[in-house]
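Inspection log for the structure reproduced underneath, given as structure tokens.
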Amino acid sequence: RVVGDGPLEAVVRAAVAEVASISYLGRLPSEQIVEQLAHARLLVFPSTSFEGMPLTLLESLRAGTPVIASRLGSMRSIIEHDVTGRHFTVNDPQDLARQVQVVMGLDEVAYRSMRKRCRSTFEAYYTPEANYPQLIEIYEQAIRHRAMRSGAKGGD
């Protein structure tokens, strides 16, 4: 199932026309995406670009769904290899296929454990309750830094 839209929509539609096992759902609201992810065995996130904080990854973790993600930037830090999914080398379809096969081949106990770690990671790092103390700490550091800089200027 392919969810979303964008410049490659025509390519996706062509693949759907050729391969019966591919379905294209188009753009969906966030709650429907999480529902789709909850029923998915895994999410493939094949970005070839450095991403900031891809919402799709957070939605997948929220749903408890392992992710196969590019070994780039934030994808590498959000998805922990062999914990919440797997990484693959950008522009290497054979490596991508290998990583998908690894997750698809997990026995049910290992797979359920990975799903639980996905959800635990979401709860530990990406909920408002987890983020609020982090945000306050960032503000406090900025205030301390500014106070130190102001104190240094005043003593000159």
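Residue numbers start at 1 in each chain; chains themselves are named A, B, ... in the order of the structure tokens; ligands are numbered from 1 in the order shown.
The protein and nucleic acid residues lying at most 8 Å from Ile22 in chain A are Arg1, Val2, Ala15 and Val16 of chain A, with only C-alpha atoms considered and sequence neighbours fewer than 5 positions away removed.
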I'd like the contact shell of range 69-72 of chain A - 8 Å cut-off, only C-alpha atoms, skipping same-chain residues fewer than 4 positions apart - returned as a compact mmCIF listing (two decimals) with N, CA and C atoms, in the first residue's frame.
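The resulting around10.txt:
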```txt
# COMPACT_ATOMS: atom_id res chain seq x y z
N VAL A 44 8.27 1.19 4.60
CA VAL A 44 9.49 1.47 3.84
C VAL A 44 9.53 2.97 3.62
N PHE A 45 10.62 3.60 4.07
CA PHE A 45 10.82 5.04 3.96
C PHE A 45 12.10 5.26 3.16
N PRO A 46 11.98 5.25 1.82
CA PRO A 46 13.18 5.24 0.97
C PRO A 46 13.71 6.61 0.58
N SER A 47 13.61 7.58 1.45
CA SER A 47 14.04 8.93 1.12
C SER A 47 15.51 8.96 0.70
N THR A 48 15.78 9.75 -0.32
CA THR A 48 17.17 9.95 -0.77
C THR A 48 17.69 11.31 -0.33
N SER A 49 16.89 12.04 0.45
CA SER A 49 17.26 13.38 0.91
C SER A 49 17.40 13.39 2.43
N PHE A 50 18.18 14.34 2.92
CA PHE A 50 18.24 14.55 4.36
C PHE A 50 16.92 15.16 4.78
N ARG A 76 18.40 8.05 10.39
CA ARG A 76 19.36 7.18 11.07
C ARG A 76 19.24 7.29 12.59
N ILE A 79 15.20 6.04 13.71
CA ILE A 79 15.02 4.60 13.61
C ILE A 79 16.32 3.94 14.04
N GLY A 85 13.59 -1.00 13.62
CA GLY A 85 13.56 -1.22 12.18
C GLY A 85 14.95 -1.51 11.67
N ARG A 86 15.18 -1.16 10.41
CA ARG A 86 16.48 -1.41 9.77
C ARG A 86 16.84 -0.23 8.89
N HIS A 87 18.14 -0.04 8.65
CA HIS A 87 18.63 0.99 7.73
C HIS A 87 19.12 0.33 6.46
N PHE A 88 19.02 1.06 5.36
CA PHE A 88 19.60 0.59 4.11
C PHE A 88 20.39 1.72 3.47
N THR A 89 21.29 1.35 2.59
CA THR A 89 22.13 2.32 1.89
C THR A 89 21.31 3.01 0.81
N VAL A 90 21.37 4.33 0.79
CA VAL A 90 20.63 5.13 -0.18
C VAL A 90 21.01 4.70 -1.60
```
Using only C-alpha atoms: which of A:Val11, A:Ala130, A:Leu43, A:Leu25 has the shortest distance to Val103 in chain A: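 Among A:Val11, A:Ala130, A:Leu43, A:Leu25, it is A:Leu43 that comes nearest to Val103 in chain A.
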Residues flagged strand (DSSP E) by DSSP in range 22-72 of chain A, as number ranges by chain: A: 24-26, 43-45, 67-70
Atom-to-atom span, CA of Leu28 in chain A and CA of Gly6 in chain A, Å: 12.8 Å
Residues flagged helix (DSSP H, G or I) by DSSP in range 15-101 of chain A, as a ChimeraX atom specification: /A:15-18,30-39,55-63,73-78,93-101
Nearby residues (only C-alpha atoms) at most 10 Å from range 114-119 of chain A, same-chain spacing under 4 positions excluded, as a compact mmCIF listing (two decimals) with all heavy atoms, in the first residue's frame:
```txt
# COMPACT_ATOMS: atom_id res chain seq x y z
N ALA A 38 -0.82 0.66 11.52
CA ALA A 38 -1.06 -0.33 12.57
C ALA A 38 -1.31 -1.72 11.98
O ALA A 38 -1.01 -2.73 12.62
CB ALA A 38 -2.25 0.10 13.43
N ARG A 41 2.88 -4.60 8.11
CA ARG A 41 3.99 -5.39 8.68
C ARG A 41 5.20 -4.48 8.90
O ARG A 41 5.93 -4.63 9.86
CB ARG A 41 4.33 -6.54 7.74
CG ARG A 41 5.47 -7.39 8.18
CD ARG A 41 5.04 -8.55 8.99
NE ARG A 41 6.19 -9.40 9.31
CZ ARG A 41 6.18 -10.26 10.29
NH1 ARG A 41 5.10 -10.42 11.02
NH2 ARG A 41 7.23 -10.99 10.54
N LEU A 42 5.40 -3.51 8.00
CA LEU A 42 6.49 -2.56 8.12
C LEU A 42 6.24 -1.37 7.22
O LEU A 42 5.36 -1.39 6.37
CB LEU A 42 7.84 -3.21 7.76
CG LEU A 42 8.00 -3.84 6.38
CD1 LEU A 42 8.53 -2.82 5.39
CD2 LEU A 42 8.96 -5.00 6.47
N LEU A 58 7.40 9.15 12.72
CA LEU A 58 6.77 9.25 14.04
C LEU A 58 5.41 8.55 14.03
O LEU A 58 5.05 7.88 15.01
CB LEU A 58 6.62 10.71 14.45
CG LEU A 58 7.91 11.52 14.50
CD1 LEU A 58 7.64 12.92 15.03
CD2 LEU A 58 8.99 10.82 15.31
N GLU A 59 4.68 8.67 12.94
CA GLU A 59 3.39 7.97 12.82
C GLU A 59 3.59 6.46 12.86
O GLU A 59 2.81 5.73 13.48
CB GLU A 59 2.67 8.39 11.54
CG GLU A 59 2.18 9.81 11.57
CD GLU A 59 1.74 10.34 10.21
OE1 GLU A 59 2.27 9.88 9.17
OE2 GLU A 59 0.87 11.23 10.20
N SER A 60 4.65 5.98 12.23
CA SER A 60 4.93 4.55 12.23
C SER A 60 5.30 4.07 13.62
O SER A 60 4.80 3.03 14.08
CB SER A 60 6.05 4.24 11.23
OG SER A 60 6.11 2.86 11.00
N LEU A 61 6.15 4.81 14.31
CA LEU A 61 6.50 4.45 15.68
C LEU A 61 5.26 4.48 16.57
O LEU A 61 5.08 3.59 17.41
CB LEU A 61 7.58 5.38 16.22
CG LEU A 61 8.96 5.28 15.56
CD1 LEU A 61 9.88 6.36 16.10
CD2 LEU A 61 9.56 3.89 15.73
N ARG A 62 4.43 5.48 16.39
CA ARG A 62 3.17 5.59 17.16
C ARG A 62 2.31 4.35 16.96
O ARG A 62 1.72 3.84 17.90
CB ARG A 62 2.42 6.84 16.72
CG ARG A 62 1.07 7.00 17.38
CD ARG A 62 0.39 8.26 16.87
NE ARG A 62 -0.98 8.31 17.31
CZ ARG A 62 -1.91 9.06 16.77
NH1 ARG A 62 -1.61 9.87 15.76
NH2 ARG A 62 -3.14 9.04 17.22
N ALA A 63 2.28 3.85 15.72
CA ALA A 63 1.47 2.66 15.41
C ALA A 63 2.17 1.37 15.83
O ALA A 63 1.56 0.30 15.77
CB ALA A 63 1.17 2.63 13.92
N GLY A 64 3.43 1.47 16.24
CA GLY A 64 4.17 0.26 16.61
C GLY A 64 4.64 -0.52 15.40
O GLY A 64 4.78 -1.74 15.47
N THR A 65 4.88 0.16 14.28
CA THR A 65 5.26 -0.50 13.04
C THR A 65 6.73 -0.25 12.73
O THR A 65 7.15 0.90 12.61
CB THR A 65 4.37 0.01 11.89
OG1 THR A 65 3.01 -0.25 12.23
CG2 THR A 65 4.70 -0.70 10.59
N PRO A 66 7.53 -1.32 12.57
CA PRO A 66 8.94 -1.16 12.23
C PRO A 66 9.13 -0.43 10.91
O PRO A 66 8.28 -0.49 10.02
CB PRO A 66 9.44 -2.61 12.12
CG PRO A 66 8.48 -3.41 12.94
CD PRO A 66 7.15 -2.72 12.77
N VAL A 67 10.28 0.24 10.79
CA VAL A 67 10.58 1.07 9.61
C VAL A 67 11.87 0.60 8.96
O VAL A 67 12.86 0.34 9.63
CB VAL A 67 10.73 2.55 10.02
CG1 VAL A 67 11.12 3.41 8.83
CG2 VAL A 67 9.45 3.06 10.67
N ILE A 79 15.20 6.04 13.71
CA ILE A 79 15.02 4.60 13.61
C ILE A 79 16.32 3.94 14.04
O ILE A 79 17.37 4.13 13.44
CB ILE A 79 14.65 4.17 12.17
CG1 ILE A 79 13.38 4.89 11.72
CG2 ILE A 79 14.51 2.65 12.07
CD1 ILE A 79 12.17 4.72 12.63
N GLU A 80 16.25 3.15 15.09
CA GLU A 80 17.42 2.47 15.61
C GLU A 80 17.53 1.10 14.95
O GLU A 80 16.60 0.27 15.05
CB GLU A 80 17.35 2.35 17.13
CG GLU A 80 18.61 1.86 17.75
CD GLU A 80 18.57 1.86 19.27
OE1 GLU A 80 17.63 2.40 19.87
OE2 GLU A 80 19.52 1.29 19.85
N ASP A 82 17.92 -2.54 13.98
CA ASP A 82 17.63 -3.79 14.70
C ASP A 82 16.83 -3.59 15.99
O ASP A 82 16.65 -4.54 16.74
CB ASP A 82 18.91 -4.57 15.01
CG ASP A 82 19.34 -5.46 13.86
OD1 ASP A 82 18.50 -5.80 13.01
OD2 ASP A 82 20.52 -5.81 13.81
N VAL A 83 16.38 -2.38 16.25
CA VAL A 83 15.56 -2.12 17.44
C VAL A 83 14.17 -1.71 17.01
O VAL A 83 13.17 -2.33 17.39
CB VAL A 83 16.21 -1.05 18.35
CG1 VAL A 83 15.30 -0.70 19.52
CG2 VAL A 83 17.57 -1.52 18.84
N THR A 84 14.08 -0.65 16.20
CA THR A 84 12.78 -0.15 15.73
C THR A 84 12.64 -0.31 14.21
O THR A 84 11.71 0.22 13.62
CB THR A 84 12.56 1.31 16.13
OG1 THR A 84 13.64 2.09 15.63
CG2 THR A 84 12.46 1.45 17.65
N GLY A 85 13.59 -1.00 13.62
CA GLY A 85 13.56 -1.22 12.18
C GLY A 85 14.95 -1.51 11.67
O GLY A 85 15.80 -2.01 12.41
N VAL A 103 13.32 -8.09 8.11
CA VAL A 103 12.15 -7.83 8.97
C VAL A 103 11.01 -8.80 8.63
O VAL A 103 10.37 -9.34 9.54
CB VAL A 103 11.69 -6.36 8.86
CG1 VAL A 103 10.40 -6.13 9.64
CG2 VAL A 103 12.79 -5.43 9.38
N LEU A 106 11.52 -12.20 10.34
CA LEU A 106 11.59 -12.35 11.79
C LEU A 106 10.52 -13.33 12.26
O LEU A 106 9.39 -13.32 11.77
CB LEU A 106 11.37 -11.01 12.49
CG LEU A 106 12.46 -9.95 12.34
CD1 LEU A 106 12.00 -8.63 12.96
CD2 LEU A 106 13.76 -10.42 12.97
N GLU A 108 7.73 -14.66 14.92
CA GLU A 108 6.65 -13.84 15.50
C GLU A 108 7.04 -13.20 16.83
O GLU A 108 6.69 -12.06 17.10
CB GLU A 108 5.37 -14.67 15.65
CG GLU A 108 4.11 -13.84 15.72
CD GLU A 108 3.93 -12.83 14.58
OE1 GLU A 108 4.31 -13.11 13.42
OE2 GLU A 108 3.40 -11.73 14.85
N VAL A 109 7.81 -13.90 17.66
CA VAL A 109 8.23 -13.34 18.95
C VAL A 109 9.15 -12.14 18.73
O VAL A 109 8.97 -11.08 19.34
CB VAL A 109 8.90 -14.42 19.83
CG1 VAL A 109 9.53 -13.80 21.08
CG2 VAL A 109 7.91 -15.50 20.21
N ALA A 110 10.13 -12.29 17.85
CA ALA A 110 11.06 -11.18 17.57
C ALA A 110 10.33 -10.02 16.93
O ALA A 110 10.60 -8.85 17.24
CB ALA A 110 12.20 -11.67 16.68
N GLU A 123 6.63 6.63 22.78
CA GLU A 123 6.18 7.15 24.07
C GLU A 123 7.31 7.83 24.84
O GLU A 123 7.09 8.83 25.52
CB GLU A 123 5.55 6.03 24.89
CG GLU A 123 4.23 5.56 24.31
CD GLU A 123 3.66 4.34 24.99
OE1 GLU A 123 4.28 3.80 25.93
OE2 GLU A 123 2.58 3.90 24.55
N ALA A 124 8.53 7.30 24.72
CA ALA A 124 9.65 7.85 25.48
C ALA A 124 10.18 9.16 24.91
O ALA A 124 10.68 10.00 25.67
CB ALA A 124 10.79 6.82 25.52
```
